[in-house]
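Structure file model-v1.cif (mmCIF, C-alpha atoms) is printed below.
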```cif
data_data
loop_
_atom_site.group_PDB
_atom_site.id
_atom_site.type_symbol
_atom_site.label_atom_id
_atom_site.label_comp_id
_atom_site.auth_asym_id
_atom_site.auth_seq_id
_atom_site.Cartn_x
_atom_site.Cartn_y
_atom_site.Cartn_z
ATOM 1 C CA MET M 3 -20.884 12.754 -15.602
ATOM 2 C CA ASP M 4 -22.682 9.935 -17.453
ATOM 3 C CA ASN M 5 -19.305 8.572 -18.477
ATOM 4 C CA LEU M 6 -18.128 8.545 -14.879
ATOM 5 C CA MET M 7 -21.258 7.342 -13.077
ATOM 6 C CA LYS M 8 -23.421 4.313 -13.737
ATOM 7 C CA ASN M 9 -25.948 2.914 -11.283
ATOM 8 C CA ASN M 10 -24.411 5.131 -8.570
ATOM 9 C CA ARG M 11 -21.000 3.560 -9.161
ATOM 10 C CA ILE M 12 -17.916 5.539 -10.114
ATOM 11 C CA ILE M 13 -16.674 3.746 -13.213
ATOM 12 C CA TYR M 14 -13.046 4.885 -13.139
ATOM 13 C CA VAL M 15 -12.699 3.840 -9.489
ATOM 14 C CA ASP M 16 -13.984 0.366 -10.373
ATOM 15 C CA MET M 17 -11.488 0.234 -13.243
ATOM 16 C CA LEU M 18 -8.676 1.191 -10.876
ATOM 17 C CA ARG M 19 -9.758 -1.581 -8.492
ATOM 18 C CA ILE M 20 -9.734 -4.186 -11.269
ATOM 19 C CA ILE M 21 -6.312 -3.106 -12.537
ATOM 20 C CA SER M 22 -4.896 -3.067 -8.997
ATOM 21 C CA ILE M 23 -6.256 -6.564 -8.290
ATOM 22 C CA LEU M 24 -4.576 -7.852 -11.453
ATOM 23 C CA ALA M 25 -1.372 -6.055 -10.438
ATOM 24 C CA VAL M 26 -1.358 -7.793 -7.029
ATOM 25 C CA ILE M 27 -1.701 -11.167 -8.785
ATOM 26 C CA ILE M 28 1.252 -10.261 -11.020
ATOM 27 C CA LEU M 29 3.312 -9.277 -7.966
ATOM 28 C CA HIS M 30 2.804 -12.669 -6.350
ATOM 29 C CA ILE M 31 3.386 -14.655 -9.538
ATOM 30 C CA THR M 32 6.681 -12.918 -10.362
ATOM 31 C CA ALA M 33 8.034 -12.733 -6.802
ATOM 32 C CA ASP M 34 9.086 -16.397 -6.752
ATOM 33 C CA LEU M 35 11.536 -16.176 -9.654
ATOM 34 C CA LEU M 36 12.911 -12.821 -8.525
ATOM 35 C CA THR M 37 13.822 -14.180 -5.094
ATOM 36 C CA ARG M 38 14.892 -17.634 -6.302
ATOM 37 C CA THR M 39 17.805 -16.549 -8.471
ATOM 38 C CA ASN M 40 20.487 -13.880 -8.413
ATOM 39 C CA ASP M 41 21.214 -14.196 -12.118
ATOM 40 C CA PHE M 42 20.047 -10.756 -13.197
ATOM 41 C CA ASN M 43 20.938 -11.121 -16.859
ATOM 42 C CA THR M 44 18.505 -13.853 -17.856
ATOM 43 C CA ILE M 45 15.437 -13.099 -19.954
ATOM 44 C CA SER M 46 13.137 -14.740 -17.396
ATOM 45 C CA TRP M 47 14.497 -12.559 -14.570
ATOM 46 C CA TRP M 48 14.086 -9.414 -16.658
ATOM 47 C CA ILE M 49 10.505 -10.320 -17.587
ATOM 48 C CA SER M 50 9.698 -10.915 -13.917
ATOM 49 C CA ASN M 51 11.485 -7.705 -12.920
ATOM 50 C CA VAL M 52 9.610 -5.594 -15.475
ATOM 51 C CA LEU M 53 6.210 -7.083 -14.630
ATOM 52 C CA ASN M 54 6.823 -6.825 -10.885
ATOM 53 C CA SER M 55 8.080 -3.251 -11.202
ATOM 54 C CA VAL M 56 5.137 -1.903 -13.204
ATOM 55 C CA ALA M 57 2.656 -3.586 -10.837
ATOM 56 C CA ARG M 58 4.028 -1.885 -7.726
ATOM 57 C CA PHE M 59 1.378 0.852 -7.830
ATOM 58 C CA ALA M 60 -1.278 -1.608 -6.606
ATOM 59 C CA VAL M 61 -1.110 -1.218 -2.814
ATOM 60 C CA PRO M 62 -0.840 2.611 -2.771
ATOM 61 C CA VAL M 63 -3.735 2.826 -5.247
ATOM 62 C CA PHE M 64 -5.866 0.590 -3.010
ATOM 63 C CA PHE M 65 -5.270 2.956 -0.082
ATOM 64 C CA MET M 66 -5.974 5.970 -2.317
ATOM 65 C CA ILE M 67 -9.251 4.467 -3.527
ATOM 66 C CA SER M 68 -10.285 3.726 0.062
ATOM 67 C CA GLY M 69 -9.519 7.299 1.105
ATOM 68 C CA ALA M 70 -11.384 8.753 -1.875
ATOM 69 C CA MET M 71 -14.498 6.690 -1.195
ATOM 70 C CA ILE M 72 -14.642 6.457 2.595
ATOM 71 C CA LEU M 73 -13.485 9.896 3.730
ATOM 72 C CA ARG M 74 -16.236 11.586 1.712
ATOM 73 C CA THR M 75 -18.905 9.954 3.893
ATOM 74 C CA GLU M 76 -19.919 11.334 7.268
ATOM 75 C CA VAL M 77 -19.655 8.966 10.226
ATOM 76 C CA THR M 78 -22.772 9.542 12.330
ATOM 77 C CA SER M 79 -22.499 6.357 14.405
ATOM 78 C CA TYR M 80 -19.288 4.719 15.520
ATOM 79 C CA ARG M 81 -21.147 1.453 16.095
ATOM 80 C CA GLU M 82 -22.594 1.377 12.575
ATOM 81 C CA PHE M 83 -19.259 2.351 11.050
ATOM 82 C CA TYR M 84 -17.415 -0.443 12.848
ATOM 83 C CA LYS M 85 -20.164 -2.902 11.911
ATOM 84 C CA LYS M 86 -20.163 -1.884 8.241
ATOM 85 C CA ARG M 87 -16.467 -1.208 7.607
ATOM 86 C CA ILE M 88 -14.255 -2.884 10.199
ATOM 87 C CA LEU M 89 -16.115 -6.091 11.092
ATOM 88 C CA PRO M 90 -16.152 -7.326 7.451
ATOM 89 C CA LEU M 91 -12.344 -7.020 7.478
ATOM 90 C CA THR M 92 -11.820 -8.477 10.951
ATOM 91 C CA VAL M 93 -13.780 -11.660 10.250
ATOM 92 C CA PRO M 94 -11.642 -12.791 7.260
ATOM 93 C CA LEU M 95 -8.462 -11.728 9.073
ATOM 94 C CA VAL M 96 -9.243 -13.956 12.066
ATOM 95 C CA SER M 97 -10.669 -16.859 10.058
ATOM 96 C CA TRP M 98 -7.858 -17.020 7.493
ATOM 97 C CA SER M 99 -5.233 -16.567 10.203
ATOM 98 C CA LEU M 100 -6.772 -19.558 11.993
ATOM 99 C CA ILE M 101 -6.721 -21.644 8.812
ATOM 100 C CA TYR M 102 -3.105 -20.769 7.997
ATOM 101 C CA ASP M 103 -1.912 -21.340 11.554
ATOM 102 C CA ALA M 104 -3.689 -24.700 11.862
ATOM 103 C CA TYR M 105 -2.312 -25.842 8.506
ATOM 104 C CA ASN M 106 1.200 -24.714 9.423
ATOM 105 C CA GLN M 107 1.183 -26.287 12.878
ATOM 106 C CA TYR M 108 -0.416 -29.653 12.109
ATOM 107 C CA PHE M 109 0.407 -30.295 8.432
ATOM 108 C CA ILE M 110 3.729 -28.532 7.883
ATOM 109 C CA LEU M 111 5.403 -28.660 11.307
ATOM 110 C CA LYS M 112 3.587 -31.861 12.393
ATOM 111 C CA SER M 113 3.042 -30.211 15.776
ATOM 112 C CA SER M 114 1.650 -32.064 18.787
ATOM 113 C CA LEU M 115 0.206 -28.957 20.445
ATOM 114 C CA THR M 116 -2.967 -29.434 22.468
ATOM 115 C CA ILE M 117 -6.047 -27.374 21.553
ATOM 116 C CA VAL M 118 -5.382 -24.981 24.420
ATOM 117 C CA GLU M 119 -1.714 -24.600 23.479
ATOM 118 C CA PHE M 120 -2.641 -24.112 19.833
ATOM 119 C CA PHE M 121 -5.168 -21.360 20.529
ATOM 120 C CA THR M 122 -2.788 -19.632 22.925
ATOM 121 C CA ASP M 123 -0.144 -19.641 20.209
ATOM 122 C CA PHE M 124 -2.726 -18.606 17.598
ATOM 123 C CA VAL M 125 -3.913 -15.571 19.558
ATOM 124 C CA TYR M 126 -0.320 -14.425 20.042
ATOM 125 C CA ARG M 127 0.449 -14.833 16.333
ATOM 126 C CA LEU M 128 -2.768 -13.048 15.415
ATOM 127 C CA ILE M 129 -1.882 -10.051 17.567
ATOM 128 C CA VAL M 130 1.682 -9.721 16.262
ATOM 129 C CA ASP M 131 0.837 -10.621 12.625
ATOM 130 C CA ARG M 132 2.877 -13.814 12.364
ATOM 131 C CA ASN M 133 0.358 -16.195 10.841
ATOM 132 C CA TYR M 134 0.804 -15.442 7.151
ATOM 133 C CA ILE M 135 2.799 -12.631 5.601
ATOM 134 C CA HIS M 136 0.255 -11.667 2.938
ATOM 135 C CA LEU M 137 -2.381 -10.818 5.547
ATOM 136 C CA TRP M 138 -0.435 -7.656 6.432
ATOM 137 C CA PHE M 139 -2.733 -5.578 4.234
ATOM 138 C CA LEU M 140 -5.750 -6.388 6.406
ATOM 139 C CA TYR M 141 -3.876 -5.212 9.503
ATOM 140 C CA ALA M 142 -2.892 -1.989 7.735
ATOM 141 C CA ILE M 143 -6.332 -1.174 6.335
ATOM 142 C CA ILE M 144 -8.094 -1.985 9.616
ATOM 143 C CA ALA M 145 -5.701 0.350 11.445
ATOM 144 C CA ILE M 146 -6.488 3.109 8.928
ATOM 145 C CA TYR M 147 -10.247 2.509 9.137
ATOM 146 C CA ILE M 148 -10.148 2.861 12.918
ATOM 147 C CA THR M 149 -9.007 6.455 12.415
ATOM 148 C CA VAL M 150 -11.700 7.303 9.823
ATOM 149 C CA PRO M 151 -14.303 8.813 12.212
ATOM 150 C CA LEU M 152 -11.709 11.403 13.256
ATOM 151 C CA VAL M 153 -9.741 11.750 10.000
ATOM 152 C CA SER M 154 -12.960 12.256 8.035
ATOM 153 C CA ARG M 155 -13.849 15.254 10.198
ATOM 154 C CA LEU M 156 -10.295 16.529 9.944
ATOM 155 C CA VAL M 157 -10.087 16.536 6.144
ATOM 156 C CA LYS M 158 -13.515 18.128 5.800
ATOM 157 C CA ALA M 159 -12.520 20.887 8.214
ATOM 158 C CA CYS M 160 -9.310 21.587 6.284
ATOM 159 C CA SER M 161 -9.120 23.867 3.300
ATOM 160 C CA GLU M 162 -7.508 22.681 0.081
ATOM 161 C CA LYS M 163 -4.397 24.661 0.992
ATOM 162 C CA GLU M 164 -4.180 22.969 4.391
ATOM 163 C CA LEU M 165 -4.546 19.518 2.829
ATOM 164 C CA ARG M 166 -1.785 20.369 0.352
ATOM 165 C CA TYR M 167 0.388 21.394 3.289
ATOM 166 C CA TYR M 168 -0.232 18.046 4.995
ATOM 167 C CA LEU M 169 0.429 16.063 1.812
ATOM 168 C CA THR M 170 3.602 18.030 1.093
ATOM 169 C CA LEU M 171 4.980 17.236 4.557
ATOM 170 C CA TRP M 172 3.913 13.610 4.278
ATOM 171 C CA PHE M 173 5.615 13.324 0.875
ATOM 172 C CA ALA M 174 8.802 14.916 2.231
ATOM 173 C CA ILE M 175 8.948 12.620 5.267
ATOM 174 C CA SER M 176 7.504 9.321 4.014
ATOM 175 C CA ILE M 177 8.787 9.377 0.436
ATOM 176 C CA VAL M 178 11.727 11.757 -0.049
ATOM 177 C CA TYR M 179 13.368 11.265 3.364
ATOM 178 C CA ARG M 180 13.033 7.479 3.014
ATOM 179 C CA PHE M 181 14.591 7.644 -0.466
ATOM 180 C CA ILE M 182 17.529 9.677 0.845
ATOM 181 C CA THR M 183 18.116 7.324 3.781
ATOM 182 C CA ASP M 184 18.011 4.322 1.428
ATOM 183 C CA MET M 185 20.556 5.946 -0.877
ATOM 184 C CA VAL M 186 22.857 6.913 1.997
ATOM 185 C CA PHE M 187 22.763 3.361 3.378
ATOM 186 C CA ARG M 188 23.625 1.822 0.001
ATOM 187 C CA VAL M 189 26.432 4.279 -0.723
ATOM 188 C CA ALA M 190 27.979 4.692 2.719
ATOM 189 C CA SER M 191 26.600 1.657 4.622
ATOM 190 C CA GLU M 192 25.458 4.096 7.286
ATOM 191 C CA SER M 193 21.945 4.621 8.598
ATOM 192 C CA LEU M 194 20.745 8.223 8.401
ATOM 193 C CA HIS M 195 18.336 9.168 11.172
ATOM 194 C CA VAL M 196 16.908 12.657 11.636
ATOM 195 C CA PRO M 197 14.848 12.627 14.886
ATOM 196 C CA ILE M 198 12.944 15.823 14.078
ATOM 197 C CA LEU M 199 11.331 14.064 11.101
ATOM 198 C CA ASN M 200 9.829 11.329 13.257
ATOM 199 C CA ILE M 201 6.289 12.741 13.078
ATOM 200 C CA PRO M 202 3.716 9.884 13.281
ATOM 201 C CA LEU M 203 0.808 11.693 11.592
ATOM 202 C CA PHE M 204 3.005 12.337 8.561
ATOM 203 C CA MET M 205 4.244 8.773 8.182
ATOM 204 C CA GLY M 206 2.661 5.603 6.849
ATOM 205 C CA TYR M 207 -0.318 4.714 4.683
ATOM 206 C CA LEU M 208 -2.521 7.458 6.113
ATOM 207 C CA GLY M 209 -0.860 9.806 3.624
ATOM 208 C CA TYR M 210 -1.961 7.690 0.659
ATOM 209 C CA PHE M 211 -5.424 7.508 2.219
ATOM 210 C CA ILE M 212 -5.747 11.298 2.425
ATOM 211 C CA LEU M 213 -4.048 11.747 -0.954
ATOM 212 C CA GLY M 214 -6.806 9.692 -2.578
ATOM 213 C CA TYR M 215 -9.429 11.917 -0.983
ATOM 214 C CA TYR M 216 -7.607 15.048 -2.122
ATOM 215 C CA LEU M 217 -7.170 13.945 -5.747
ATOM 216 C CA PHE M 218 -10.806 12.820 -5.886
ATOM 217 C CA HIS M 219 -12.242 16.085 -4.532
ATOM 218 C CA TYR M 220 -9.913 18.770 -5.898
ATOM 219 C CA GLU M 221 -8.862 19.605 -9.427
ATOM 220 C CA LEU M 222 -5.134 20.094 -9.794
ATOM 221 C CA PRO M 223 -3.753 22.839 -12.052
ATOM 222 C CA ALA M 224 -3.184 21.506 -15.572
ATOM 223 C CA LYS M 225 0.597 21.981 -15.378
ATOM 224 C CA VAL M 226 0.845 20.155 -12.044
ATOM 225 C CA LYS M 227 -1.354 17.317 -13.268
ATOM 226 C CA SER M 228 0.709 17.009 -16.456
ATOM 227 C CA LEU M 229 3.969 16.994 -14.489
ATOM 228 C CA LEU M 230 2.782 14.299 -12.052
ATOM 229 C CA PHE M 231 1.422 12.179 -14.891
ATOM 230 C CA ASN M 232 4.624 12.414 -16.932
ATOM 231 C CA VAL M 233 6.839 11.622 -13.937
ATOM 232 C CA GLY M 234 4.522 8.689 -13.225
ATOM 233 C CA VAL M 235 4.940 7.350 -16.750
ATOM 234 C CA ALA M 236 8.718 7.775 -16.510
ATOM 235 C CA SER M 237 8.693 5.878 -13.196
ATOM 236 C CA PHE M 238 7.230 2.808 -14.915
ATOM 237 C CA PHE M 239 10.403 2.676 -17.013
ATOM 238 C CA VAL M 240 12.847 3.754 -14.287
ATOM 239 C CA THR M 241 11.789 1.176 -11.674
ATOM 240 C CA PRO M 242 12.925 -2.046 -13.453
ATOM 241 C CA VAL M 243 16.173 -0.442 -14.650
ATOM 242 C CA ALA M 244 16.991 1.022 -11.218
ATOM 243 C CA THR M 245 16.145 -2.319 -9.575
ATOM 244 C CA TYR M 246 18.513 -4.106 -11.954
ATOM 245 C CA PHE M 247 21.484 -1.851 -11.166
ATOM 246 C CA THR M 248 20.923 -1.765 -7.390
ATOM 247 C CA SER M 249 20.527 -5.562 -7.367
ATOM 248 C CA LEU M 250 23.622 -5.996 -9.514
ATOM 249 C CA SER M 251 25.563 -3.843 -7.071
ATOM 250 C CA SER M 252 24.426 -5.709 -3.962
ATOM 251 C CA GLY M 253 24.529 -9.201 -5.487
ATOM 252 C CA VAL M 254 20.964 -10.028 -4.394
ATOM 253 C CA LEU M 255 17.560 -8.644 -5.291
ATOM 254 C CA ASP M 256 17.422 -5.069 -3.993
ATOM 255 C CA GLU M 257 13.819 -3.984 -3.401
ATOM 256 C CA MET M 258 14.581 -0.317 -2.791
ATOM 257 C CA PHE M 259 12.415 0.727 -5.767
ATOM 258 C CA TYR M 260 9.788 -1.948 -5.117
ATOM 259 C CA GLY M 261 8.616 -0.563 -1.763
ATOM 260 C CA ASN M 262 5.217 1.040 -1.279
ATOM 261 C CA TYR M 263 6.980 4.237 -0.177
ATOM 262 C CA SER M 264 9.619 4.240 -2.894
ATOM 263 C CA ILE M 265 9.718 7.445 -4.908
ATOM 264 C CA THR M 266 8.967 5.640 -8.182
ATOM 265 C CA THR M 267 6.060 3.662 -6.692
ATOM 266 C CA PHE M 268 4.562 6.907 -5.385
ATOM 267 C CA PHE M 269 4.654 8.594 -8.792
ATOM 268 C CA MET M 270 3.379 5.476 -10.576
ATOM 269 C CA ALA M 271 0.365 5.351 -8.239
ATOM 270 C CA VAL M 272 -0.380 9.081 -8.536
ATOM 271 C CA GLY M 273 0.097 9.083 -12.309
ATOM 272 C CA LEU M 274 -2.254 6.118 -12.767
ATOM 273 C CA PHE M 275 -4.870 7.607 -10.432
ATOM 274 C CA LEU M 276 -4.790 10.920 -12.312
ATOM 275 C CA TYR M 277 -4.976 9.168 -15.693
ATOM 276 C CA PHE M 278 -8.217 7.431 -14.813
#
```

Target encoding structure tokens, full file:
Amino acid sequence: MDNLMKNNRIIYVDMLRIISILAVIILHITADLLTRTNDFNTISWWISNVLNSVARFAVPVFFMISGAMILRTEVTSYREFYKKRILPLTVPLVSWSLIYDAYNQYFILKSSLTIVEFFTDFVYRLIVDRNYIHLWFLYAIIAIYITVPLVSRLVKACSEKELRYYLTLWFAISIVYRFITDMVFRVASESLHVPILNIPLFMGYLGYFILGYYLFHYELPAKVKSLLFNVGVASFFVTPVATYFTSLSSGVLDEMFYGNYSITTFFMAVGLFLYF
């Protein structure tokens, strides 16, 4: 325990945060070259592809860390929870959205909007997330945090078996089903839609959130842990190669294996989380 805890901090969680922060920086640095050229056989493109691919675990790991840390606490006051968890995210979202929108309107577009017109436009863009693309994470994490007072009670009331059942369904719908639909679209140019699988609670980042809580609180069987870790390691190698061939086939960068719900990203995130 001394190796895991220091000054009431969980060391491996802090290490995961640091690595994920660095991974996000790598994602943004390499994205420019990847989207600027369709020459997939240059050394520079391959370096960017490899670095971008192996950094894709970052966002899922952030959600997993949040779930592991926040869902273990008991929410006794909605007001205090919103003040402590949601307000600190809302303030930078609004302030940075205002800065980006003002800069875009008056310095980039040379707009002549009045103050009233600007703020009307700003509020609309803030609501629909059209101020700056990279702020999407704040929208996503705020939406998840809003559910915490209820989700926290839910996961604590569930047995380990029931949580495994939820995570299995979430994995099947959010990861496997998405992978199959992506493959079908690329092979047959047809969209595959199965209405019965449109189950909101089993879609989206909430699954990563609860997965983090589950992996933090329950010990997986050694064989399962080994399997997930090994598949995760393999995914680090598969992602850049698979991205190369899908991009080569389509003629432009194909981000099928870059997505936060891609099957390789999922296993990379789980493998890294289990390793630490």

Specify as a ChimeraX atom specification each residue included when the PyMOL selection byres ((chain M and resi 21-32) around 8) is applied to this file.
-> /M:17-20,33-36,50-51,53-54,57-61,63-64

What lies within 8 Å of segment 153-158 of chain M using all atoms listed in the file, ignoring chain neighbours under 6 positions off, as a compact mmCIF listing (two decimals) with C-alpha atoms, in the frame of the given file?
```txt
# COMPACT_ATOMS: atom_id res chain seq x y z
CA LEU M 73 -13.48 9.90 3.73
CA ARG M 74 -16.24 11.59 1.71
CA THR M 75 -18.90 9.95 3.89
CA GLU M 76 -19.92 11.33 7.27
CA VAL M 77 -19.66 8.97 10.23
CA LEU M 165 -4.55 19.52 2.83
CA ILE M 212 -5.75 11.30 2.42
```

Quick one: residues within 10 Å of Asp41 of chain M, all atoms listed in the file counted, chain neighbours fewer than 4 positions away excluded, as number ranges by chain?
-> M: 36, 45-48, 249-250, 253-255

All residues 12 Å or closer to Asp256 of chain M, all atoms listed in the file, same chain fewer than 5 positions away omitted, as a ChimeraX atom specification = /M:36-37,40,42,51,55,184-185,188,241-251,261

Using all atoms of segment 117-125 of chain M listed in the file and a margin of 3 Å per side, can you give the axis-aligned box centre and edge lengths in Å to one decimal, as JSON?
```
{"center_x": -3.1, "center_y": -21.5, "center_z": 21.0, "size_x": 11.9, "size_y": 17.8, "size_z": 12.8}
```

Residue completion, segment 28-38 of chain M, all heavy atoms, as a short mmCIF file (atom, residue, chain, number, x, y, z; two decimals), in the frame of the given file:
```
data_model
loop_
_atom_site.label_atom_id
_atom_site.label_comp_id
_atom_site.auth_asym_id
_atom_site.auth_seq_id
_atom_site.Cartn_x
_atom_site.Cartn_y
_atom_site.Cartn_z
N ILE M 28 -0.04 -10.28 -10.33
CA ILE M 28 1.25 -10.26 -11.02
C ILE M 28 2.41 -10.20 -10.03
O ILE M 28 3.43 -10.88 -10.19
CB ILE M 28 1.32 -9.07 -12.00
CG1 ILE M 28 0.35 -9.28 -13.16
CG2 ILE M 28 2.74 -8.86 -12.52
CD1 ILE M 28 0.20 -8.08 -14.06
N LEU M 29 2.26 -9.39 -8.99
CA LEU M 29 3.31 -9.28 -7.97
C LEU M 29 3.63 -10.64 -7.35
O LEU M 29 4.79 -11.00 -7.18
CB LEU M 29 2.88 -8.30 -6.87
CG LEU M 29 2.84 -6.81 -7.21
CD1 LEU M 29 2.28 -6.01 -6.06
CD2 LEU M 29 4.24 -6.31 -7.55
N HIS M 30 2.59 -11.39 -7.03
CA HIS M 30 2.80 -12.67 -6.35
C HIS M 30 3.33 -13.74 -7.31
O HIS M 30 4.10 -14.61 -6.90
CB HIS M 30 1.51 -13.12 -5.69
CG HIS M 30 1.13 -12.31 -4.50
ND1 HIS M 30 1.67 -12.53 -3.24
CD2 HIS M 30 0.31 -11.25 -4.36
CE1 HIS M 30 1.18 -11.65 -2.39
NE2 HIS M 30 0.36 -10.85 -3.05
N ILE M 31 2.91 -13.67 -8.56
CA ILE M 31 3.39 -14.66 -9.54
C ILE M 31 4.87 -14.46 -9.82
O ILE M 31 5.64 -15.42 -9.91
CB ILE M 31 2.58 -14.55 -10.85
CG1 ILE M 31 1.14 -15.03 -10.62
CG2 ILE M 31 3.24 -15.37 -11.96
CD1 ILE M 31 0.24 -14.82 -11.82
N THR M 32 5.29 -13.20 -9.97
CA THR M 32 6.68 -12.92 -10.36
C THR M 32 7.66 -12.93 -9.19
O THR M 32 8.86 -13.03 -9.41
CB THR M 32 6.76 -11.55 -11.06
OG1 THR M 32 6.24 -10.53 -10.18
CG2 THR M 32 5.96 -11.54 -12.35
N ALA M 33 7.14 -12.82 -7.97
CA ALA M 33 8.03 -12.73 -6.80
C ALA M 33 8.90 -13.97 -6.64
O ALA M 33 10.06 -13.88 -6.23
CB ALA M 33 7.22 -12.50 -5.54
N ASP M 34 8.36 -15.14 -6.97
CA ASP M 34 9.09 -16.40 -6.75
C ASP M 34 10.40 -16.43 -7.54
O ASP M 34 11.46 -16.71 -6.98
CB ASP M 34 8.20 -17.58 -7.14
CG ASP M 34 8.93 -18.91 -6.96
OD1 ASP M 34 9.33 -19.21 -5.81
OD2 ASP M 34 9.10 -19.64 -7.95
N LEU M 35 10.33 -16.13 -8.83
CA LEU M 35 11.54 -16.18 -9.65
C LEU M 35 12.53 -15.10 -9.23
O LEU M 35 13.74 -15.33 -9.20
CB LEU M 35 11.19 -16.00 -11.13
CG LEU M 35 12.39 -16.01 -12.09
CD1 LEU M 35 13.11 -17.33 -12.01
CD2 LEU M 35 11.95 -15.72 -13.52
N LEU M 36 12.03 -13.93 -8.90
CA LEU M 36 12.91 -12.82 -8.52
C LEU M 36 13.73 -13.14 -7.28
O LEU M 36 14.87 -12.72 -7.15
CB LEU M 36 12.08 -11.55 -8.28
CG LEU M 36 11.53 -10.86 -9.54
CD1 LEU M 36 10.52 -9.80 -9.14
CD2 LEU M 36 12.67 -10.25 -10.35
N THR M 37 13.12 -13.86 -6.35
CA THR M 37 13.82 -14.18 -5.09
C THR M 37 14.55 -15.52 -5.16
O THR M 37 15.35 -15.83 -4.27
CB THR M 37 12.82 -14.22 -3.92
OG1 THR M 37 11.75 -15.14 -4.23
CG2 THR M 37 12.21 -12.85 -3.69
N ARG M 38 14.28 -16.31 -6.20
CA ARG M 38 14.89 -17.63 -6.30
C ARG M 38 16.26 -17.61 -6.95
O ARG M 38 17.08 -18.50 -6.75
CB ARG M 38 13.95 -18.56 -7.08
CG ARG M 38 14.37 -19.99 -7.09
CD ARG M 38 13.31 -20.97 -7.54
NE ARG M 38 12.17 -20.42 -8.20
CZ ARG M 38 11.94 -20.56 -9.52
NH1 ARG M 38 12.82 -21.16 -10.29
NH2 ARG M 38 10.83 -20.07 -10.05
#
```
